[in-house]
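Visitor: Next comes the structure file my_file02.cif, holding mmCIF, C-alpha atoms and all ligand atoms.
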```cif
data_data
#
loop_
_atom_site.group_PDB
_atom_site.id
_atom_site.type_symbol
_atom_site.label_atom_id
_atom_site.label_comp_id
_atom_site.auth_asym_id
_atom_site.auth_seq_id
_atom_site.Cartn_x
_atom_site.Cartn_y
_atom_site.Cartn_z
ATOM 1 C CA MET A 27 -23.351 8.418 -4.042
ATOM 2 C CA THR A 28 -24.643 8.234 -7.575
ATOM 3 C CA TRP A 29 -22.149 5.692 -8.803
ATOM 4 C CA LEU A 30 -24.631 2.874 -9.223
ATOM 5 C CA ASP A 31 -25.218 1.868 -12.808
ATOM 6 C CA GLN A 32 -28.960 1.454 -13.048
ATOM 7 C CA SER A 33 -28.572 -1.110 -15.821
ATOM 8 C CA ARG A 34 -26.735 -3.453 -13.473
ATOM 9 C CA THR A 35 -28.765 -6.332 -12.172
ATOM 10 C CA GLU A 36 -26.599 -6.937 -9.106
ATOM 11 C CA PRO A 37 -25.717 -4.306 -6.532
ATOM 12 C CA VAL A 38 -22.039 -3.824 -5.746
ATOM 13 C CA ARG A 39 -21.187 -6.315 -3.057
ATOM 14 C CA ARG A 40 -19.549 -5.442 0.164
ATOM 15 C CA GLU A 41 -17.629 -7.835 2.382
ATOM 16 C CA PRO A 42 -19.913 -10.419 3.981
ATOM 17 C CA ASP A 43 -20.701 -8.919 7.345
ATOM 18 C CA GLU A 44 -22.072 -11.861 9.248
ATOM 19 C CA ASP A 45 -18.801 -12.553 11.097
ATOM 20 C CA PRO A 46 -18.049 -9.707 13.512
ATOM 21 C CA TRP A 47 -14.344 -10.598 13.520
ATOM 22 C CA VAL A 48 -11.749 -10.291 10.785
ATOM 23 C CA ARG A 49 -8.289 -11.866 10.881
ATOM 24 C CA CYS A 50 -5.355 -9.714 9.772
ATOM 25 C CA GLU A 51 -3.779 -11.234 6.668
ATOM 26 C CA ARG A 52 -0.305 -10.399 7.903
ATOM 27 C CA CYS A 53 -0.097 -10.745 11.685
ATOM 28 C CA GLY A 54 -3.149 -12.957 12.224
ATOM 29 C CA ALA A 55 -4.648 -10.636 14.883
ATOM 30 C CA TYR A 56 -8.413 -10.801 15.290
ATOM 31 C CA LEU A 57 -9.930 -7.387 14.627
ATOM 32 C CA HIS A 58 -13.449 -6.262 15.310
ATOM 33 C CA ARG A 59 -15.034 -5.844 11.884
ATOM 34 C CA ALA A 60 -16.800 -2.550 12.547
ATOM 35 C CA THR A 61 -13.579 -0.985 13.887
ATOM 36 C CA PHE A 62 -11.549 -2.543 11.064
ATOM 37 C CA VAL A 63 -13.873 -1.004 8.463
ATOM 38 C CA ALA A 64 -13.973 2.351 10.283
ATOM 39 C CA GLU A 65 -10.159 2.338 10.276
ATOM 40 C CA LEU A 66 -10.145 1.819 6.488
ATOM 41 C CA LYS A 67 -9.063 -1.843 6.778
ATOM 42 C CA VAL A 68 -5.687 -1.044 8.284
ATOM 43 C CA CYS A 69 -4.666 -3.520 10.998
ATOM 44 C CA ARG A 70 -4.353 -1.686 14.306
ATOM 45 C CA GLN A 71 -1.848 -4.287 15.531
ATOM 46 C CA CYS A 72 0.684 -4.349 12.683
ATOM 47 C CA GLY A 73 -0.402 -1.527 10.342
ATOM 48 C CA TYR A 74 -0.978 -3.830 7.363
ATOM 49 C CA HIS A 75 -3.091 -2.112 4.710
ATOM 50 C CA HIS A 76 -5.662 -4.633 3.453
ATOM 51 C CA ARG A 77 -7.058 -4.139 -0.014
ATOM 52 C CA LEU A 78 -10.073 -1.879 -0.484
ATOM 53 C CA THR A 79 -12.703 -2.301 -3.163
ATOM 54 C CA ALA A 80 -13.084 0.587 -5.609
ATOM 55 C CA VAL A 81 -16.240 1.730 -3.845
ATOM 56 C CA GLU A 82 -14.588 1.666 -0.411
ATOM 57 C CA ARG A 83 -11.617 3.600 -1.796
ATOM 58 C CA ILE A 84 -13.884 6.227 -3.341
ATOM 59 C CA GLU A 85 -15.761 6.581 -0.062
ATOM 60 C CA SER A 86 -12.471 6.969 1.816
ATOM 61 C CA LEU A 87 -11.073 9.634 -0.529
ATOM 62 C CA LEU A 88 -13.915 11.777 -1.800
ATOM 63 C CA ASP A 89 -16.254 14.188 -0.066
ATOM 64 C CA PRO A 90 -19.525 12.462 0.879
ATOM 65 C CA GLU A 91 -22.153 12.432 -1.873
ATOM 66 C CA SER A 92 -19.777 14.097 -4.326
ATOM 67 C CA PHE A 93 -19.054 11.104 -6.572
ATOM 68 C CA GLU A 94 -20.740 10.685 -9.927
ATOM 69 C CA GLU A 95 -19.716 7.628 -11.903
ATOM 70 C CA THR A 96 -18.768 8.011 -15.577
ATOM 71 C CA HIS A 97 -18.231 5.626 -18.498
ATOM 72 C CA VAL A 98 -20.300 2.894 -16.907
ATOM 73 C CA GLY A 99 -21.128 1.192 -20.182
ATOM 74 C CA ILE A 100 -17.556 0.170 -20.981
ATOM 75 C CA ALA A 101 -16.938 -3.530 -20.453
ATOM 76 C CA PRO A 102 -14.240 -6.083 -21.344
ATOM 77 C CA SER A 103 -14.030 -7.326 -24.927
ATOM 78 C CA ASP A 104 -13.082 -10.825 -25.989
ATOM 79 C CA PRO A 105 -11.738 -10.534 -29.535
ATOM 80 C CA LEU A 106 -9.613 -13.675 -29.205
ATOM 81 C CA GLU A 107 -12.515 -15.751 -27.886
ATOM 82 C CA PHE A 108 -10.000 -16.748 -25.283
ATOM 83 C CA ARG A 109 -10.388 -19.867 -23.210
ATOM 84 C CA SER A 110 -8.197 -21.497 -20.662
ATOM 85 C CA GLY A 111 -8.993 -25.222 -20.594
ATOM 86 C CA ALA A 112 -12.744 -25.543 -20.170
ATOM 87 C CA ASN A 113 -13.181 -21.945 -19.015
ATOM 88 C CA PRO A 114 -14.072 -19.387 -21.691
ATOM 89 C CA TYR A 115 -13.059 -15.817 -20.845
ATOM 90 C CA ALA A 116 -16.559 -14.633 -21.827
ATOM 91 C CA GLU A 117 -18.131 -16.772 -19.096
ATOM 92 C CA LYS A 118 -15.594 -15.644 -16.550
ATOM 93 C CA ILE A 119 -16.419 -12.019 -17.406
ATOM 94 C CA THR A 120 -20.115 -12.639 -16.764
ATOM 95 C CA GLU A 121 -19.354 -14.350 -13.447
ATOM 96 C CA THR A 122 -16.969 -11.615 -12.338
ATOM 97 C CA ARG A 123 -19.405 -8.866 -13.226
ATOM 98 C CA ALA A 124 -22.161 -10.588 -11.238
ATOM 99 C CA LYS A 125 -19.878 -11.222 -8.267
ATOM 100 C CA THR A 126 -18.437 -7.707 -8.033
ATOM 101 C CA GLY A 127 -21.230 -5.582 -9.538
ATOM 102 C CA LEU A 128 -18.523 -3.877 -11.598
ATOM 103 C CA SER A 129 -18.315 -3.721 -15.388
ATOM 104 C CA GLU A 130 -14.527 -3.420 -15.525
ATOM 105 C CA ALA A 131 -11.464 -3.438 -13.280
ATOM 106 C CA VAL A 132 -11.665 0.322 -12.805
ATOM 107 C CA VAL A 133 -14.377 2.709 -11.660
ATOM 108 C CA THR A 134 -14.137 6.255 -13.024
ATOM 109 C CA GLY A 135 -15.969 9.399 -12.084
ATOM 110 C CA LEU A 136 -16.133 13.002 -11.016
ATOM 111 C CA GLY A 137 -16.037 14.126 -7.411
ATOM 112 C CA ARG A 138 -14.463 16.402 -4.833
ATOM 113 C CA ILE A 139 -11.637 16.023 -2.359
ATOM 114 C CA GLU A 140 -11.945 18.548 0.457
ATOM 115 C CA SER A 141 -14.064 20.684 -1.888
ATOM 116 C CA ILE A 142 -11.571 20.524 -4.789
ATOM 117 C CA ASP A 143 -13.131 19.224 -8.019
ATOM 118 C CA VAL A 144 -11.306 16.161 -9.343
ATOM 119 C CA VAL A 145 -11.634 13.290 -11.795
ATOM 120 C CA VAL A 146 -10.805 9.866 -10.367
ATOM 121 C CA ALA A 147 -10.148 6.368 -11.637
ATOM 122 C CA VAL A 148 -9.946 3.640 -8.998
ATOM 123 C CA MET A 149 -8.919 0.087 -9.800
ATOM 124 C CA ASP A 150 -10.533 -2.902 -8.101
ATOM 125 C CA PHE A 151 -8.369 -5.984 -7.606
ATOM 126 C CA ARG A 152 -11.388 -8.300 -7.381
ATOM 127 C CA PHE A 153 -11.997 -7.842 -11.111
ATOM 128 C CA PHE A 154 -9.450 -10.155 -12.801
ATOM 129 C CA GLY A 155 -6.758 -9.088 -10.349
ATOM 130 C CA GLY A 156 -7.221 -5.459 -11.378
ATOM 131 C CA SER A 157 -5.697 -6.384 -14.703
ATOM 132 C CA LEU A 158 -5.391 -3.901 -17.533
ATOM 133 C CA GLY A 159 -7.806 -5.023 -20.244
ATOM 134 C CA SER A 160 -8.974 -3.012 -23.230
ATOM 135 C CA GLY A 161 -12.038 -1.755 -21.333
ATOM 136 C CA THR A 162 -9.887 -0.800 -18.336
ATOM 137 C CA GLY A 163 -7.510 1.198 -20.514
ATOM 138 C CA GLU A 164 -10.388 2.838 -22.352
ATOM 139 C CA LYS A 165 -11.965 4.003 -19.091
ATOM 140 C CA ILE A 166 -8.677 5.328 -17.729
ATOM 141 C CA LEU A 167 -8.077 7.206 -20.985
ATOM 142 C CA ARG A 168 -11.599 8.647 -21.158
ATOM 143 C CA ALA A 169 -11.403 9.809 -17.554
ATOM 144 C CA ALA A 170 -8.076 11.502 -18.388
ATOM 145 C CA LEU A 171 -9.791 13.282 -21.274
ATOM 146 C CA ASP A 172 -12.577 14.365 -18.884
ATOM 147 C CA ALA A 173 -9.900 15.839 -16.624
ATOM 148 C CA LEU A 174 -8.416 17.653 -19.617
ATOM 149 C CA ARG A 175 -11.756 18.992 -20.798
ATOM 150 C CA LEU A 176 -12.890 20.071 -17.332
ATOM 151 C CA LYS A 177 -9.398 21.224 -16.273
ATOM 152 C CA ARG A 178 -9.670 19.184 -13.084
ATOM 153 C CA PRO A 179 -6.802 17.280 -11.466
ATOM 154 C CA TYR A 180 -6.768 13.579 -12.289
ATOM 155 C CA ILE A 181 -6.203 10.985 -9.578
ATOM 156 C CA VAL A 182 -5.695 7.310 -10.389
ATOM 157 C CA VAL A 183 -5.564 4.704 -7.629
ATOM 158 C CA SER A 184 -3.900 1.559 -8.952
ATOM 159 C CA SER A 185 -4.182 -1.990 -7.694
ATOM 160 C CA SER A 186 -3.241 -4.473 -10.355
ATOM 161 C CA GLY A 187 -1.477 -7.685 -11.256
ATOM 162 C CA GLY A 188 -0.581 -6.184 -14.667
ATOM 163 C CA ALA A 189 -1.807 -6.704 -18.226
ATOM 164 C CA ARG A 190 -4.833 -8.949 -18.851
ATOM 165 C CA MET A 191 -3.443 -11.945 -20.688
ATOM 166 C CA GLN A 192 -6.876 -13.044 -21.945
ATOM 167 C CA GLU A 193 -6.908 -10.018 -24.274
ATOM 168 C CA GLY A 194 -3.413 -10.541 -25.661
ATOM 169 C CA ALA A 195 -1.789 -7.644 -27.501
ATOM 170 C CA LEU A 196 -4.899 -5.466 -27.092
ATOM 171 C CA SER A 197 -4.166 -5.441 -23.403
ATOM 172 C CA LEU A 198 -0.565 -4.353 -23.935
ATOM 173 C CA MET A 199 -1.724 -1.548 -26.237
ATOM 174 C CA GLN A 200 -3.501 0.036 -23.274
ATOM 175 C CA MET A 201 -0.131 0.901 -21.764
ATOM 176 C CA ALA A 202 0.693 3.284 -24.601
ATOM 177 C CA LYS A 203 -2.885 4.509 -24.894
ATOM 178 C CA THR A 204 -3.268 5.484 -21.238
ATOM 179 C CA CYS A 205 0.165 7.143 -21.204
ATOM 180 C CA ALA A 206 -0.759 9.162 -24.297
ATOM 181 C CA GLY A 207 -3.821 10.479 -22.416
ATOM 182 C CA ILE A 208 -1.743 11.329 -19.355
ATOM 183 C CA GLY A 209 0.786 13.038 -21.643
ATOM 184 C CA ARG A 210 -1.937 15.383 -22.844
ATOM 185 C CA LEU A 211 -2.687 16.375 -19.249
ATOM 186 C CA ASP A 212 0.962 17.148 -18.763
ATOM 187 C CA ALA A 213 1.058 19.263 -21.930
ATOM 188 C CA HIS A 214 -1.912 21.315 -20.671
ATOM 189 C CA GLY A 215 -0.751 21.714 -17.079
ATOM 190 C CA VAL A 216 -3.478 19.525 -15.546
ATOM 191 C CA PRO A 217 -2.117 17.824 -12.402
ATOM 192 C CA TYR A 218 -2.011 14.033 -12.323
ATOM 193 C CA ILE A 219 -1.560 12.160 -9.044
ATOM 194 C CA SER A 220 -0.871 8.432 -9.099
ATOM 195 C CA VAL A 221 -1.619 6.425 -5.957
ATOM 196 C CA LEU A 222 0.033 3.013 -5.899
ATOM 197 C CA THR A 223 -1.594 0.469 -3.609
ATOM 198 C CA HIS A 224 -0.903 -3.193 -2.911
ATOM 199 C CA PRO A 225 -0.074 -4.596 -5.390
ATOM 200 C CA THR A 226 0.792 -2.425 -8.393
ATOM 201 C CA THR A 227 2.762 -4.512 -10.845
ATOM 202 C CA GLY A 228 3.473 -5.385 -14.484
ATOM 203 C CA GLY A 229 1.934 -3.361 -17.292
ATOM 204 C CA VAL A 230 0.099 -0.978 -14.948
ATOM 205 C CA LEU A 231 3.288 -0.071 -13.131
ATOM 206 C CA ALA A 232 5.130 0.224 -16.451
ATOM 207 C CA SER A 233 2.571 2.710 -17.797
ATOM 208 C CA PHE A 234 0.204 5.186 -16.163
ATOM 209 C CA ALA A 235 0.935 4.275 -12.512
ATOM 210 C CA MET A 236 4.515 5.517 -12.611
ATOM 211 C CA VAL A 237 4.106 8.781 -14.499
ATOM 212 C CA GLY A 238 2.276 10.907 -11.917
ATOM 213 C CA ASP A 239 3.341 14.475 -11.270
ATOM 214 C CA VAL A 240 3.333 13.030 -7.778
ATOM 215 C CA ASN A 241 3.533 9.274 -7.178
ATOM 216 C CA ILE A 242 2.189 8.276 -3.774
ATOM 217 C CA ALA A 243 2.438 4.736 -2.380
ATOM 218 C CA GLU A 244 0.621 3.146 0.519
ATOM 219 C CA PRO A 245 2.800 1.646 3.273
ATOM 220 C CA GLY A 246 3.956 -1.904 2.584
ATOM 221 C CA ALA A 247 2.545 -2.013 -0.956
ATOM 222 C CA LEU A 248 4.245 -4.389 -3.372
ATOM 223 C CA ILE A 249 5.280 -2.294 -6.362
ATOM 224 C CA GLY A 250 7.297 -3.789 -9.186
ATOM 225 C CA PHE A 251 7.377 -4.871 -12.790
ATOM 226 C CA ALA A 252 8.493 -8.515 -12.806
ATOM 227 C CA GLY A 253 8.262 -10.871 -9.837
ATOM 228 C CA ARG A 254 11.166 -11.380 -7.440
ATOM 229 C CA ARG A 255 11.837 -14.982 -8.567
ATOM 230 C CA VAL A 256 12.012 -14.028 -12.252
ATOM 231 C CA ILE A 257 14.471 -11.224 -11.515
ATOM 232 C CA GLU A 258 16.634 -13.370 -9.255
ATOM 233 C CA GLN A 259 16.804 -16.126 -11.847
ATOM 234 C CA THR A 260 17.617 -13.635 -14.602
ATOM 235 C CA ILE A 261 20.328 -11.645 -12.858
ATOM 236 C CA LYS A 262 21.536 -14.626 -10.793
ATOM 237 C CA GLN A 263 21.689 -12.539 -7.619
ATOM 238 C CA SER A 264 19.541 -12.493 -4.528
ATOM 239 C CA LEU A 265 17.557 -9.350 -3.836
ATOM 240 C CA PRO A 266 17.130 -7.392 -0.571
ATOM 241 C CA ASP A 267 14.219 -8.549 1.633
ATOM 242 C CA ASP A 268 12.332 -5.284 1.212
ATOM 243 C CA PHE A 269 12.870 -5.174 -2.560
ATOM 244 C CA GLN A 270 9.738 -3.871 -4.361
ATOM 245 C CA SER A 271 8.159 -2.558 -1.158
ATOM 246 C CA ALA A 272 6.806 0.993 -1.163
ATOM 247 C CA GLU A 273 9.474 1.980 1.372
ATOM 248 C CA TYR A 274 12.295 0.537 -0.749
ATOM 249 C CA LEU A 275 11.028 2.425 -3.788
ATOM 250 C CA LEU A 276 10.872 5.646 -1.783
ATOM 251 C CA ASP A 277 14.444 5.097 -0.679
ATOM 252 C CA GLN A 278 15.506 4.551 -4.308
ATOM 253 C CA GLY A 279 13.600 7.617 -5.538
ATOM 254 C CA PHE A 280 10.951 5.780 -7.562
ATOM 255 C CA VAL A 281 8.009 7.130 -5.568
ATOM 256 C CA ASP A 282 7.694 10.595 -4.041
ATOM 257 C CA MET A 283 6.056 9.703 -0.752
ATOM 258 C CA VAL A 284 4.606 6.854 1.276
ATOM 259 C CA VAL A 285 1.394 7.963 2.924
ATOM 260 C CA PRO A 286 -0.707 5.935 5.390
ATOM 261 C CA ARG A 287 -4.245 5.422 4.161
ATOM 262 C CA LYS A 288 -5.763 7.503 6.943
ATOM 263 C CA ALA A 289 -3.759 10.553 5.834
ATOM 264 C CA LEU A 290 -4.127 10.045 2.082
ATOM 265 C CA ARG A 291 -7.122 12.251 1.474
ATOM 266 C CA THR A 292 -5.649 15.212 3.359
ATOM 267 C CA ARG A 293 -2.257 14.772 1.698
ATOM 268 C CA ILE A 294 -3.797 14.727 -1.793
ATOM 269 C CA ALA A 295 -5.832 17.844 -0.963
ATOM 270 C CA GLU A 296 -2.636 19.586 0.205
ATOM 271 C CA ILE A 297 -0.839 18.702 -3.029
ATOM 272 C CA LEU A 298 -3.770 19.885 -5.130
ATOM 273 C CA GLY A 299 -3.959 23.120 -3.149
ATOM 274 C CA TYR A 300 -0.270 23.672 -3.739
ATOM 275 C CA ALA A 301 -0.623 22.954 -7.475
ATOM 276 C CA ARG A 302 -3.510 25.405 -7.674
ATOM 277 C CA SER A 303 -1.674 28.210 -5.889
ATOM 278 C CA SER A 304 1.465 27.705 -8.046
ATOM 279 C CA LYS A 305 -0.679 27.948 -11.148
ATOM 280 C CA ALA A 306 -2.360 31.127 -9.872
ATOM 281 C CA LYS A 307 1.096 32.642 -9.231
ATOM 282 C CA GLU A 308 2.220 31.708 -12.755
ATOM 283 C CA ALA A 309 -0.833 33.469 -14.169
ATOM 284 C CA THR A 310 -0.084 36.751 -12.376
HETATM 285 ZN ZN ZN B 401 -1.953 -7.169 11.467
#
```
Would you mind writing the structure in this file as structure tokens?
Guide:
Amino acid sequence: MTWLDQSRTEPVRREPDEDPWVRCERCGAYLHRATFVAELKVCRQCGYHHRLTAVERIESLLDPESFEETHVGIAPSDPLEFRSGANPYAEKITETRAKTGLSEAVVTGLGRIESIDVVVAVMDFRFFGGSLGSGTGEKILRAALDALRLKRPYIVVSSSGGARMQEGALSLMQMAKTCAGIGRLDAHGVPYISVLTHPTTGGVLASFAMVGDVNIAEPGALIGFAGRRVIEQTIKQSLPDDFQSAEYLLDQGFVDMVVPRKALRTRIAEILGYARSSKAKEAT
């Protein structure tokens, strides 16, 4: 992997590995860490898909050694000099960068999936809840433009609490900006696959995450715009228990498929192969 930004002072951190046991966040089962990691952090008792870091996701999706990180220099901006109580946003950025080894809430790059050249953007929830800041949007847009220039399919894996409130309106602007980039892919026939993982909400859901040629969700992922309580209070009705789950959205036609993590790479490769052969047929 050549994703490491040499200018970073801290390596990307992995989960602390001193405890050989991990407890499932949903069913509470104790899982052997090495097996848990080998099984892509899916609980073998209840099937719960725990969150992956961007690096783990890239390793799980792309061919070994094929990833090359791009746009590493793009970082959050703080035009509002935002602070919440005694905590300036600027300080929180520095802390988060040191803790995660990431410069933004998304990692972008070039790589291959089962030998098919692709451009990827993978969000990391550890970085301000995967929120969409101006740097995040810029990276997602630039990676889309790479896909356009190189005529490679674009795959975005989302995991986000929504817009980054510390950047105010600049954050909201990223919704239109990223969608404009994706729109250019569409106009030029470059496939775009959106993978929605737990959770994909707010401004990310309401922009680039929902406009894939194919929208794929992971089992059990929470996918929605506003929270359940807000909706219930607004419409004064109670919602079904599985409301905003990946399976509910599939049933309602909002996502195209729900694919277990273990099968994701193969399924994406199949879709890309199909897109490629349809294009070849069109050309003849
Ligand atoms: Zn479990």
Visitor: Using all atoms listed in the file, find each residue of chain A with at least one atom at most 6 Å away from an atom of ligand ZN 401 (chain B); report its shortest atom-to-atom pair and that distance in Å (one decimal), sort the rows by chain and rising residue number, and return the result as a Markdown table.
Guide:
```
| residue | atom | partner | partner_atom | distance |
| --- | --- | --- | --- | --- |
| A:Cys50 | CA | B:ZN401 | ZN | 4.6 |
| A:Arg52 | CA | B:ZN401 | ZN | 5.1 |
| A:Cys53 | CA | B:ZN401 | ZN | 4.0 |
| A:Gly54 | CA | B:ZN401 | ZN | 6.0 |
| A:Ala55 | CA | B:ZN401 | ZN | 5.6 |
| A:Cys69 | CA | B:ZN401 | ZN | 4.6 |
| A:Gln71 | CA | B:ZN401 | ZN | 5.0 |
| A:Cys72 | CA | B:ZN401 | ZN | 4.0 |
| A:Gly73 | CA | B:ZN401 | ZN | 6.0 |
| A:Tyr74 | CA | B:ZN401 | ZN | 5.4 |
```
Visitor: Which residue out of A:Thr162, A:Thr79, A:Thr122, A:Thr61 has the minimum interatomic distance to A:Ser103 when all atoms listed in the file are used?
Guide: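 Of all the options, A:Thr162 lies closest to A:Ser103.
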Visitor: I'd like the contact shell of A:Ala169 - 8 Å cut-off, all atoms listed in the file, skipping same-chain residues fewer than 6 positions apart - returned as a list of chain:residue names.
Guide: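 Counting only the stated atoms, we get A:Thr96, A:Thr134, A:Gly135, A:Val145, A:Val146, A:Ala147, A:Tyr180.
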Visitor: Taking the file as shown, find all residues satisfying the PyMOL selection byres (((chain A and resi 120) around 12) and not hetatm) and write them as a PyMOL selection string.
Guide: chain A and resi 34-36+101-104+113-119+121-130+153-154
Visitor: Between atom CA of A:Arg175 and atom CA of A:Ala202, measure the distance and give it in Å to one decimal.
Guide: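 Atom-to-atom, atom CA of A:Arg175 and atom CA of A:Ala202 are spaced 20.4 Å apart.
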Visitor: For A:Ala295, which of A:Val133, A:Val144, A:Met283, A:Leu276 is the closest residue, counting all atoms listed in the file?
Guide: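 The answer is A:Val144, which sits nearest to A:Ala295.
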Visitor: Using all atoms listed in the file, which residue out of A:Arg152, A:Arg70, A:His58, A:Lys165 lies closest to A:Gly99?
Guide: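 Distance minimum relative to A:Gly99 lands on A:Lys165.
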Visitor: What residues come out when you apply the PyMOL selection byres (((chain A and resi 250) around 8) and not hetatm) to this file, written as a list in words?
Guide: Thr226, Thr227, Gly228, Leu231, Leu248, Ile249, Phe251, Ala252, Gly253 and Gln270 of chain A
Visitor: Could you turn the residues from that selection into a file that holds C-alpha atoms, as a PDB file, in the coordinates of the input?
Guide:
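Done, and the output landed in part_9.pdb:
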```pdb
ATOM      1  CA  THR A 226       0.792  -2.425  -8.393  1.00  0.00           C
ATOM      2  CA  THR A 227       2.762  -4.512 -10.845  1.00  0.00           C
ATOM      3  CA  GLY A 228       3.473  -5.385 -14.484  1.00  0.00           C
ATOM      4  CA  LEU A 231       3.288  -0.071 -13.131  1.00  0.00           C
ATOM      5  CA  LEU A 248       4.245  -4.389  -3.372  1.00  0.00           C
ATOM      6  CA  ILE A 249       5.280  -2.294  -6.362  1.00  0.00           C
ATOM      7  CA  PHE A 251       7.377  -4.871 -12.790  1.00  0.00           C
ATOM      8  CA  ALA A 252       8.493  -8.515 -12.806  1.00  0.00           C
ATOM      9  CA  GLY A 253       8.262 -10.871  -9.837  1.00  0.00           C
ATOM     10  CA  GLN A 270       9.738  -3.871  -4.361  1.00  0.00           C
TER      11      GLN A 270
END
```
Visitor: Just checking: using all atoms listed in the file, which residue out of A:Glu258, A:Asp239, A:Asp268, A:Asp172 ends up closest to A:His97?
Guide: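 The answer is A:Asp172, which sits nearest to A:His97.
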Visitor: Report, in Å to a single decimal, how far apart atom CA of A:Val182 and atom CA of A:Pro286 are.
Guide: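 We find that atom CA of A:Pro286 and atom CA of A:Val182 lie 16.6 Å from each other.
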Visitor: Just checking: using all atoms listed in the file, which residue out of A:Ile166, A:Leu87, A:Met199, A:Ala232 ends up closest to A:Glu140?
Guide: A:Leu87
Visitor: What is the atom CA of A:Ser184-atom CA of A:Ser304 distance in Å, reported with one decimal?
Guide: 26.7 Å
Visitor: So for stretch 66-78 of chain A, what box centre and size do we get, axis-aligned, 8 Å extra on each of the six sides, every listed atom, Å to one decimal, as JSON?
Guide:
```
{"center_x": -4.7, "center_y": -1.4, "center_z": 7.5, "size_x": 26.8, "size_y": 22.5, "size_z": 32.0}
```
Visitor: Applying the PyMOL selection byres (((chain A and resi 281) around 10) and not hetatm) to the file I just gave you, which residues come out? Please list them as a PyMOL selection string.
Guide: chain A and resi 220-222+236-238+240-243+249+272-280+282-284
Visitor: Write to file, as a short mmCIF file (atom, residue, chain, number, x, y, z; two decimals), keeping the file's coordinate frame, the residues of the selection just made, with C-alpha atoms.
Guide:
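Output saved as out_35.cif:
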```
data_model
loop_
_atom_site.label_atom_id
_atom_site.label_comp_id
_atom_site.auth_asym_id
_atom_site.auth_seq_id
_atom_site.Cartn_x
_atom_site.Cartn_y
_atom_site.Cartn_z
CA SER A 220 -0.87 8.43 -9.10
CA VAL A 221 -1.62 6.42 -5.96
CA LEU A 222 0.03 3.01 -5.90
CA MET A 236 4.51 5.52 -12.61
CA VAL A 237 4.11 8.78 -14.50
CA GLY A 238 2.28 10.91 -11.92
CA VAL A 240 3.33 13.03 -7.78
CA ASN A 241 3.53 9.27 -7.18
CA ILE A 242 2.19 8.28 -3.77
CA ALA A 243 2.44 4.74 -2.38
CA ILE A 249 5.28 -2.29 -6.36
CA ALA A 272 6.81 0.99 -1.16
CA GLU A 273 9.47 1.98 1.37
CA TYR A 274 12.30 0.54 -0.75
CA LEU A 275 11.03 2.42 -3.79
CA LEU A 276 10.87 5.65 -1.78
CA ASP A 277 14.44 5.10 -0.68
CA GLN A 278 15.51 4.55 -4.31
CA GLY A 279 13.60 7.62 -5.54
CA PHE A 280 10.95 5.78 -7.56
CA ASP A 282 7.69 10.60 -4.04
CA MET A 283 6.06 9.70 -0.75
CA VAL A 284 4.61 6.85 1.28
#
```
